[in-house]
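Visitor: Could you have a look at this structure, given as structure tokens, before my questions?
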Amino acid sequence: FAILICFIPETPRWLVADKQQLLANAILYRLRGTNANISHEMKLLVDAVEEQGKVEFKEKLRMFTKLTVIVPLILSISLMFFQMFCGINVVVFYAGTILETAGLNPKEASFSADFGVGGIQVIFTFISVLLVDIIGRKILLNVGGILLALSTGILGLYFFMTERFCHHDSSAFYCADHFGYLAVACLAVFIIGFSTGWGPIPWIMMGELAPLQVRGIVSGISAALNWCFATVVTGAFYKYQETVHSYGAWWSFCFISSLSVLFVIVFLPETKGKDLEEIEADFKRKYGLKTTTKVAVDQEGVN
């Protein structure tokens with residue numbers, strides 16, 4: 001990583017802010033192609049950087065009273081919530097146990113959990129990166145959410161059958177010795193679903209949704225809460241599992257993953273193919289206009 005990062009260029013936005021516009025032009029041509037027309041994009045960058053430079057920190061804090069900032073913040077936090085509460089950390093920690101139920105010995109299960117889960121994550125995260133600007137963020141999130149819900153729902157059913165009935169008759173077809181491969185398949189499907197959608201994409205959209213002036217603050221809040229959510233899920237899982245049983249815990253993850261699909265469909269805007277300035281303008285058109293209209297009406301009432 002330390003070697004490869006040396007080859008990553010500075011962002012054109014930072015170069016413009018650092019008064020290196022010629023180098024910013026060169027980087028944009030390098031990214032867009034030597035024959036690309038970058039004049040419009042460059043103008044948007046310059047205007048955005050100039051606008052950002054005029055905003056003081058106190059004014060940035062006051063911006064959090066506006067819907068144009070509140071809504072992106074809520075969307076970013078929601079993305080982080082669903083990313084962690086789908087159960088990814090629990091699945092990673094639980095992978096060895098699930099593989100043991102399929103008949104692997106503890107050493108084989110541990111090795112397969114580490115390298116199998118990691119290998120699937122690398123492959124499908126790479127696939128997601130290739131597809132995210134072709135088919136869009138929302139489609140990948142929904143495909144991932146559906147796979148997460150299906151896999152955790154079936155895992156819940158598997159543990160329900162094994163916990164409720166297998167201690168009476170361990171030879172039943174749905175018990176670990178006969179049906180353990182289903183749990184392994186669900187584990188693989190879960191990792192594929194997470195790596196395709198809810199793993200990488202919330203981090204991409206977190207930076208896209210926030211307005212330029214408060215992007216750092218919004219990203220910081222969202223990232224901090226992401227770690228808080230991860231701590232809560234990881235720390236509370238075993239106690240929660242004792243309360244609702246293993247199947248209840250997995251069905252809880254299924255329910256939350258199902259909610260994530262509805263959240264994406266109803267509330268989350270698609271950002272594919274849009275510049276950051278366009279996304280910010282969309283929020284201003286949708287939410288800023290209402291604020292402006294309300295202020296105008298109030299002023300008329302006063303007059």
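FYI, nothing fancy with the structure tokens labels: chains A, B, ... in order, residues from 1 per chain, ligands from 1 as they appear.
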If we count only C-alpha atoms, what is near segment 112-119 of chain A at a cut-off of 10 Å, once residues fewer than 3 positions away on the same chain are taken out, given as a list in words?

Guide: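 Returned residues: Val91, Val92, Phe93, Tyr94, Ala95, Gly96, Thr97, Ile98, Leu99, Glu100, Leu104, Pro106, Lys107, Glu108, Ala109, Val122, Ile123, Phe124, Thr125, Leu187, Ala188, Phe190, Ile191 and Ile192 of chain A.
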
Visitor: Dump C-alpha atoms for the selected residues as a short mmCIF file (atom, residue, chain, number, x, y, z; two decimals), in the first residue's frame?

Guide:
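What landed in result_19.cif:
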```cif
data_model
loop_
_atom_site.label_atom_id
_atom_site.label_comp_id
_atom_site.auth_asym_id
_atom_site.auth_seq_id
_atom_site.Cartn_x
_atom_site.Cartn_y
_atom_site.Cartn_z
CA VAL A 91 -20.64 -13.60 10.24
CA VAL A 92 -16.87 -13.16 10.02
CA PHE A 93 -16.43 -14.16 13.66
CA TYR A 94 -19.00 -16.97 13.35
CA ALA A 95 -17.60 -18.38 10.09
CA GLY A 96 -15.41 -20.98 11.79
CA THR A 97 -18.31 -22.27 13.89
CA ILE A 98 -20.58 -22.49 10.83
CA LEU A 99 -17.94 -24.44 8.93
CA GLU A 100 -17.51 -26.79 11.87
CA LEU A 104 -14.83 -29.70 9.11
CA PRO A 106 -11.60 -26.96 13.97
CA LYS A 107 -8.27 -26.38 12.19
CA GLU A 108 -9.78 -26.83 8.72
CA ALA A 109 -12.75 -24.64 9.67
CA VAL A 122 -11.54 -9.57 -2.43
CA ILE A 123 -13.02 -11.05 -5.61
CA PHE A 124 -16.52 -9.63 -5.27
CA THR A 125 -15.41 -6.25 -3.96
CA LEU A 187 -22.16 -18.05 4.54
CA ALA A 188 -20.72 -17.75 1.03
CA PHE A 190 -23.76 -13.56 2.61
CA ILE A 191 -20.14 -12.61 1.95
CA ILE A 192 -20.88 -12.23 -1.77
#
```

Visitor: Please identify all polymer residues within 10 Å of Val90 of chain A, counting only C-alpha atoms, omitting same-chain residues fewer than 2 positions from it, and present them as a PDB file with C-alpha atoms, in the first residue's frame.

Guide:
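Contents of the output file selection_35.pdb:
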```pdb
ATOM      1  CA  MET A  84     -22.941  -2.899  10.317  1.00  0.00           C
ATOM      2  CA  PHE A  85     -26.348  -4.160  11.482  1.00  0.00           C
ATOM      3  CA  CYS A  86     -26.640  -6.600   8.582  1.00  0.00           C
ATOM      4  CA  GLY A  87     -24.336  -8.729  10.756  1.00  0.00           C
ATOM      5  CA  ILE A  88     -21.092  -8.726   8.787  1.00  0.00           C
ATOM      6  CA  VAL A  92     -16.865 -13.162  10.019  1.00  0.00           C
ATOM      7  CA  PHE A  93     -16.433 -14.158  13.661  1.00  0.00           C
ATOM      8  CA  TYR A  94     -18.999 -16.966  13.352  1.00  0.00           C
ATOM      9  CA  ALA A  95     -17.596 -18.376  10.093  1.00  0.00           C
ATOM     10  CA  ALA A 230     -19.718  -2.208  14.831  1.00  0.00           C
ATOM     11  CA  VAL A 233     -23.193  -5.409  17.176  1.00  0.00           C
ATOM     12  CA  THR A 234     -20.017  -7.265  18.083  1.00  0.00           C
ATOM     13  CA  GLY A 235     -20.262  -6.629  21.821  1.00  0.00           C
ATOM     14  CA  PHE A 237     -24.349 -10.289  19.854  1.00  0.00           C
ATOM     15  CA  TYR A 238     -23.622 -13.157  22.230  1.00  0.00           C
ATOM     16  CA  TRP A 250     -30.025 -14.435  12.403  1.00  0.00           C
TER      17      TRP A 250
END
```

Visitor: As JSON, numbers by chain, please: the residues near Gly136 of chain A (cut-off 8 Å, only C-alpha atoms, same-chain neighbours under 4 positions excluded).

Guide: {"A": [131, 132, 140, 270, 271, 272]}

Visitor: In terms of the shortest atom-to-atom distance over only C-alpha atoms, which of A:Val261, A:Val129, A:Ile139, A:Val69 is closest to Gln213 of chain A?

Guide: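 Answer, going by the shortest atom-to-atom distance: A:Val69.
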
Visitor: Taking the backbone alone, and naming residues the way the document does, which bits of segment 103-138 of chain A are helix (DSSP H, G or I) by DSSP, as a ChimeraX atom specification?

Guide: /A:106-131,137-138

Visitor: Just N, CA and C atoms for this one: save the residues we selected as a compact mmCIF listing (two decimals), in the first residue's frame.

Guide:
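Produced file out-v3.txt, reproduced below:
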```txt
# COMPACT_ATOMS: atom_id res chain seq x y z
N PRO A 106 -11.84 -28.37 13.60
CA PRO A 106 -11.60 -26.96 13.97
C PRO A 106 -10.48 -26.28 13.19
N LYS A 107 -9.38 -26.99 12.92
CA LYS A 107 -8.27 -26.38 12.19
C LYS A 107 -8.67 -26.07 10.75
N GLU A 108 -9.32 -27.04 10.10
CA GLU A 108 -9.78 -26.83 8.72
C GLU A 108 -10.81 -25.71 8.66
N ALA A 109 -11.71 -25.68 9.64
CA ALA A 109 -12.75 -24.64 9.67
C ALA A 109 -12.13 -23.26 9.84
N SER A 110 -11.14 -23.15 10.73
CA SER A 110 -10.49 -21.87 10.95
C SER A 110 -9.74 -21.41 9.71
N PHE A 111 -9.02 -22.32 9.07
CA PHE A 111 -8.27 -21.98 7.85
C PHE A 111 -9.22 -21.56 6.74
N SER A 112 -10.30 -22.32 6.54
CA SER A 112 -11.27 -22.01 5.48
C SER A 112 -11.98 -20.69 5.74
N ALA A 113 -12.28 -20.43 7.02
CA ALA A 113 -12.95 -19.17 7.37
C ALA A 113 -12.06 -17.98 7.05
N ASP A 114 -10.78 -18.08 7.39
CA ASP A 114 -9.87 -16.96 7.17
C ASP A 114 -9.63 -16.71 5.69
N PHE A 115 -9.25 -17.77 4.96
CA PHE A 115 -8.86 -17.59 3.57
C PHE A 115 -10.06 -17.64 2.62
N GLY A 116 -11.06 -18.46 2.95
CA GLY A 116 -12.24 -18.52 2.09
C GLY A 116 -13.04 -17.24 2.12
N VAL A 117 -13.34 -16.76 3.33
CA VAL A 117 -14.09 -15.51 3.47
C VAL A 117 -13.30 -14.35 2.88
N GLY A 118 -12.01 -14.29 3.20
CA GLY A 118 -11.18 -13.20 2.66
C GLY A 118 -11.09 -13.23 1.16
N GLY A 119 -10.95 -14.43 0.58
CA GLY A 119 -10.87 -14.55 -0.87
C GLY A 119 -12.14 -14.10 -1.57
N ILE A 120 -13.29 -14.52 -1.03
CA ILE A 120 -14.57 -14.10 -1.61
C ILE A 120 -14.73 -12.58 -1.53
N GLN A 121 -14.35 -12.00 -0.39
CA GLN A 121 -14.47 -10.55 -0.23
C GLN A 121 -13.64 -9.81 -1.26
N VAL A 122 -12.41 -10.24 -1.47
CA VAL A 122 -11.54 -9.57 -2.43
C VAL A 122 -12.11 -9.65 -3.84
N ILE A 123 -12.53 -10.84 -4.25
CA ILE A 123 -13.02 -11.05 -5.61
C ILE A 123 -14.27 -10.21 -5.88
N PHE A 124 -15.25 -10.29 -4.99
CA PHE A 124 -16.52 -9.63 -5.27
C PHE A 124 -16.49 -8.13 -4.97
N THR A 125 -15.60 -7.69 -4.11
CA THR A 125 -15.41 -6.25 -3.96
C THR A 125 -14.82 -5.67 -5.23
N PHE A 126 -13.89 -6.38 -5.84
CA PHE A 126 -13.30 -5.94 -7.11
C PHE A 126 -14.37 -5.89 -8.20
N ILE A 127 -15.24 -6.89 -8.24
CA ILE A 127 -16.33 -6.90 -9.21
C ILE A 127 -17.26 -5.71 -8.98
N SER A 128 -17.56 -5.43 -7.72
CA SER A 128 -18.42 -4.29 -7.40
C SER A 128 -17.82 -2.98 -7.87
N VAL A 129 -16.51 -2.82 -7.68
CA VAL A 129 -15.84 -1.60 -8.12
C VAL A 129 -15.95 -1.43 -9.63
N LEU A 130 -15.87 -2.54 -10.36
CA LEU A 130 -15.99 -2.48 -11.82
C LEU A 130 -17.41 -2.13 -12.27
N LEU A 131 -18.40 -2.56 -11.50
CA LEU A 131 -19.79 -2.40 -11.92
C LEU A 131 -20.47 -1.14 -11.39
N ARG A 137 -25.24 2.58 -8.05
CA ARG A 137 -25.10 2.22 -6.64
C ARG A 137 -26.33 1.50 -6.10
N LYS A 138 -27.51 1.99 -6.46
CA LYS A 138 -28.74 1.46 -5.86
C LYS A 138 -28.98 0.00 -6.25
```

Visitor: Would you list the contacts of Asn226 of chain A as a list of chain:residue names, taking every protein, DNA or RNA residue within 8 Å and counting only C-alpha atoms, but skipping same-chain residues closer than 5 positions in sequence?

Guide: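 Counting only the stated atoms, we get A:Ile77, A:Met80, A:Phe81, A:Met84.
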
Visitor: Skipping near chain neighbours, those fewer than 4 positions away, what residues fall within 12 Å of Leu61 of chain A using only C-alpha atoms, listed as a VMD selection string?

Guide: chain A and resid 55 to 57 65 to 66 69 to 70 213 to 218

Visitor: For the residues in the current selection, export N, CA and C atoms as an mmCIF file, in the first residue's frame.

Guide:
```cif
data_model
loop_
_atom_site.group_PDB
_atom_site.id
_atom_site.type_symbol
_atom_site.label_atom_id
_atom_site.label_comp_id
_atom_site.auth_asym_id
_atom_site.auth_seq_id
_atom_site.Cartn_x
_atom_site.Cartn_y
_atom_site.Cartn_z
ATOM 1 N N VAL A 55 -16.580 30.035 3.593
ATOM 2 C CA VAL A 55 -17.399 29.571 4.698
ATOM 3 C C VAL A 55 -16.525 29.320 5.926
ATOM 4 N N GLU A 56 -16.809 30.026 7.020
ATOM 5 C CA GLU A 56 -16.084 29.819 8.271
ATOM 6 C C GLU A 56 -16.675 28.635 9.032
ATOM 7 N N PHE A 57 -15.942 28.178 10.061
ATOM 8 C CA PHE A 57 -16.358 26.975 10.788
ATOM 9 C C PHE A 57 -17.710 27.167 11.475
ATOM 10 N N THR A 65 -28.437 23.043 10.413
ATOM 11 C CA THR A 65 -29.853 23.303 10.681
ATOM 12 C C THR A 65 -30.670 23.287 9.394
ATOM 13 N N LYS A 66 -30.011 23.110 8.255
ATOM 14 C CA LYS A 66 -30.691 23.141 6.956
ATOM 15 C C LYS A 66 -30.922 21.723 6.440
ATOM 16 N N VAL A 69 -28.316 19.811 4.365
ATOM 17 C CA VAL A 69 -27.221 19.136 5.068
ATOM 18 C C VAL A 69 -27.756 18.003 5.940
ATOM 19 N N ILE A 70 -28.900 18.236 6.594
ATOM 20 C CA ILE A 70 -29.474 17.228 7.494
ATOM 21 C C ILE A 70 -29.814 15.945 6.738
ATOM 22 N N GLN A 213 -19.074 22.046 1.519
ATOM 23 C CA GLN A 213 -18.616 22.843 2.655
ATOM 24 C C GLN A 213 -18.518 22.035 3.947
ATOM 25 N N VAL A 214 -19.342 21.009 4.090
ATOM 26 C CA VAL A 214 -19.363 20.233 5.339
ATOM 27 C C VAL A 214 -19.036 18.761 5.083
ATOM 28 N N ARG A 215 -18.441 18.475 3.954
ATOM 29 C CA ARG A 215 -18.180 17.066 3.599
ATOM 30 C C ARG A 215 -17.283 16.391 4.634
ATOM 31 N N GLY A 216 -16.267 17.091 5.092
ATOM 32 C CA GLY A 216 -15.366 16.508 6.076
ATOM 33 C C GLY A 216 -16.068 16.189 7.385
ATOM 34 N N ILE A 217 -16.932 17.105 7.836
ATOM 35 C CA ILE A 217 -17.645 16.896 9.099
ATOM 36 C C ILE A 217 -18.630 15.741 8.972
ATOM 37 N N VAL A 218 -19.398 15.725 7.881
ATOM 38 C CA VAL A 218 -20.382 14.654 7.665
ATOM 39 C C VAL A 218 -19.687 13.297 7.564
#
```

Visitor: Give the answer as one residue: which of A:Ser246, A:Phe229, A:Pro202, A:Asp133 has the shortest atom-to-atom distance to Gly273 of chain A, using only C-alpha atoms?

Guide: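 So, comparing all the options, the nearest one is A:Asp133.
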
Visitor: Between A:Met206, A:Ala183, A:Leu28, A:Leu268, single out the one closest to Ala223 of chain A, counting only C-alpha atoms.

Guide: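 So, comparing all the options, the nearest one is A:Met206.
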
Visitor: Can you tell me which residues surround Gly197 of chain A at a distance of at most 6 Å, considering only C-alpha atoms, apart from same-chain residues fewer than 3 positions away, and format the answer as a list of chain:residue names?

Guide: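 Residues meeting the cut-off are A:Leu140, A:Leu141, A:Gly144, A:Phe194, A:Ile201.
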
Visitor: Quick one: everything within 12 Å of Leu259 of chain A, counting only C-alpha atoms, minus sequence neighbours fewer than 6 positions away in the same chain. Send it as a PyMOL selection string.

Guide: chain A and resi 78-79+81-83+85-86+141-142+145-146+148-149+252-253+265-267

Visitor: I need the residues from that last selection saved to file as an mmCIF file, in the first residue's frame (with N, CA and C atoms), if you can.

Guide:
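The resulting out.cif:
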```
data_model
loop_
_atom_site.group_PDB
_atom_site.id
_atom_site.type_symbol
_atom_site.label_atom_id
_atom_site.label_comp_id
_atom_site.auth_asym_id
_atom_site.auth_seq_id
_atom_site.Cartn_x
_atom_site.Cartn_y
_atom_site.Cartn_z
ATOM 1 N N SER A 78 -27.460 6.350 7.934
ATOM 2 C CA SER A 78 -28.296 5.170 7.672
ATOM 3 C C SER A 78 -27.519 4.116 6.890
ATOM 4 N N LEU A 79 -26.729 4.557 5.913
ATOM 5 C CA LEU A 79 -25.903 3.618 5.158
ATOM 6 C C LEU A 79 -24.945 2.870 6.090
ATOM 7 N N PHE A 81 -25.340 2.432 9.312
ATOM 8 C CA PHE A 81 -26.141 1.578 10.199
ATOM 9 C C PHE A 81 -26.434 0.242 9.534
ATOM 10 N N PHE A 82 -26.954 0.274 8.315
ATOM 11 C CA PHE A 82 -27.297 -0.968 7.637
ATOM 12 C C PHE A 82 -26.050 -1.791 7.310
ATOM 13 N N GLN A 83 -24.933 -1.112 7.031
ATOM 14 C CA GLN A 83 -23.705 -1.844 6.753
ATOM 15 C C GLN A 83 -23.277 -2.701 7.932
ATOM 16 N N PHE A 85 -25.285 -3.375 10.856
ATOM 17 C CA PHE A 85 -26.348 -4.160 11.482
ATOM 18 C C PHE A 85 -26.898 -5.259 10.574
ATOM 19 N N CYS A 86 -26.303 -5.416 9.377
ATOM 20 C CA CYS A 86 -26.640 -6.600 8.582
ATOM 21 C C CYS A 86 -25.981 -7.833 9.182
ATOM 22 N N LEU A 141 -26.589 -2.139 -4.230
ATOM 23 C CA LEU A 141 -27.023 -2.191 -2.832
ATOM 24 C C LEU A 141 -28.236 -3.104 -2.663
ATOM 25 N N ASN A 142 -29.172 -3.018 -3.585
ATOM 26 C CA ASN A 142 -30.372 -3.857 -3.473
ATOM 27 C C ASN A 142 -30.073 -5.329 -3.738
ATOM 28 N N GLY A 145 -28.433 -6.391 -0.593
ATOM 29 C CA GLY A 145 -29.401 -6.484 0.499
ATOM 30 C C GLY A 145 -30.278 -7.720 0.398
ATOM 31 N N ILE A 146 -30.701 -8.051 -0.819
ATOM 32 C CA ILE A 146 -31.533 -9.247 -1.017
ATOM 33 C C ILE A 146 -30.744 -10.507 -0.679
ATOM 34 N N LEU A 148 -28.204 -10.709 1.357
ATOM 35 C CA LEU A 148 -28.010 -10.722 2.803
ATOM 36 C C LEU A 148 -29.260 -11.235 3.520
ATOM 37 N N ALA A 149 -30.421 -10.744 3.094
ATOM 38 C CA ALA A 149 -31.670 -11.159 3.735
ATOM 39 C C ALA A 149 -31.937 -12.650 3.514
ATOM 40 N N SER A 252 -33.107 -11.598 12.979
ATOM 41 C CA SER A 252 -33.031 -10.150 13.204
ATOM 42 C C SER A 252 -32.191 -9.495 12.108
ATOM 43 N N PHE A 253 -31.064 -10.135 11.769
ATOM 44 C CA PHE A 253 -30.236 -9.618 10.677
ATOM 45 C C PHE A 253 -30.994 -9.672 9.352
ATOM 46 N N ILE A 265 -34.614 1.777 -1.969
ATOM 47 C CA ILE A 265 -35.636 2.043 -2.985
ATOM 48 C C ILE A 265 -36.351 3.370 -2.734
ATOM 49 N N VAL A 266 -36.704 3.632 -1.480
ATOM 50 C CA VAL A 266 -37.567 4.773 -1.159
ATOM 51 C C VAL A 266 -36.782 6.067 -0.936
ATOM 52 N N PHE A 267 -35.669 5.997 -0.253
ATOM 53 C CA PHE A 267 -35.020 7.222 0.229
ATOM 54 C C PHE A 267 -33.694 7.573 -0.445
#
```

Visitor: Quick one: pull the distance between atom CA of Val49 of chain A and atom CA of Glu278 of chain A, Å, one decimal.

Guide: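 Result for atom CA of Val49 of chain A versus atom CA of Glu278 of chain A: 14.5 Å, one decimal.
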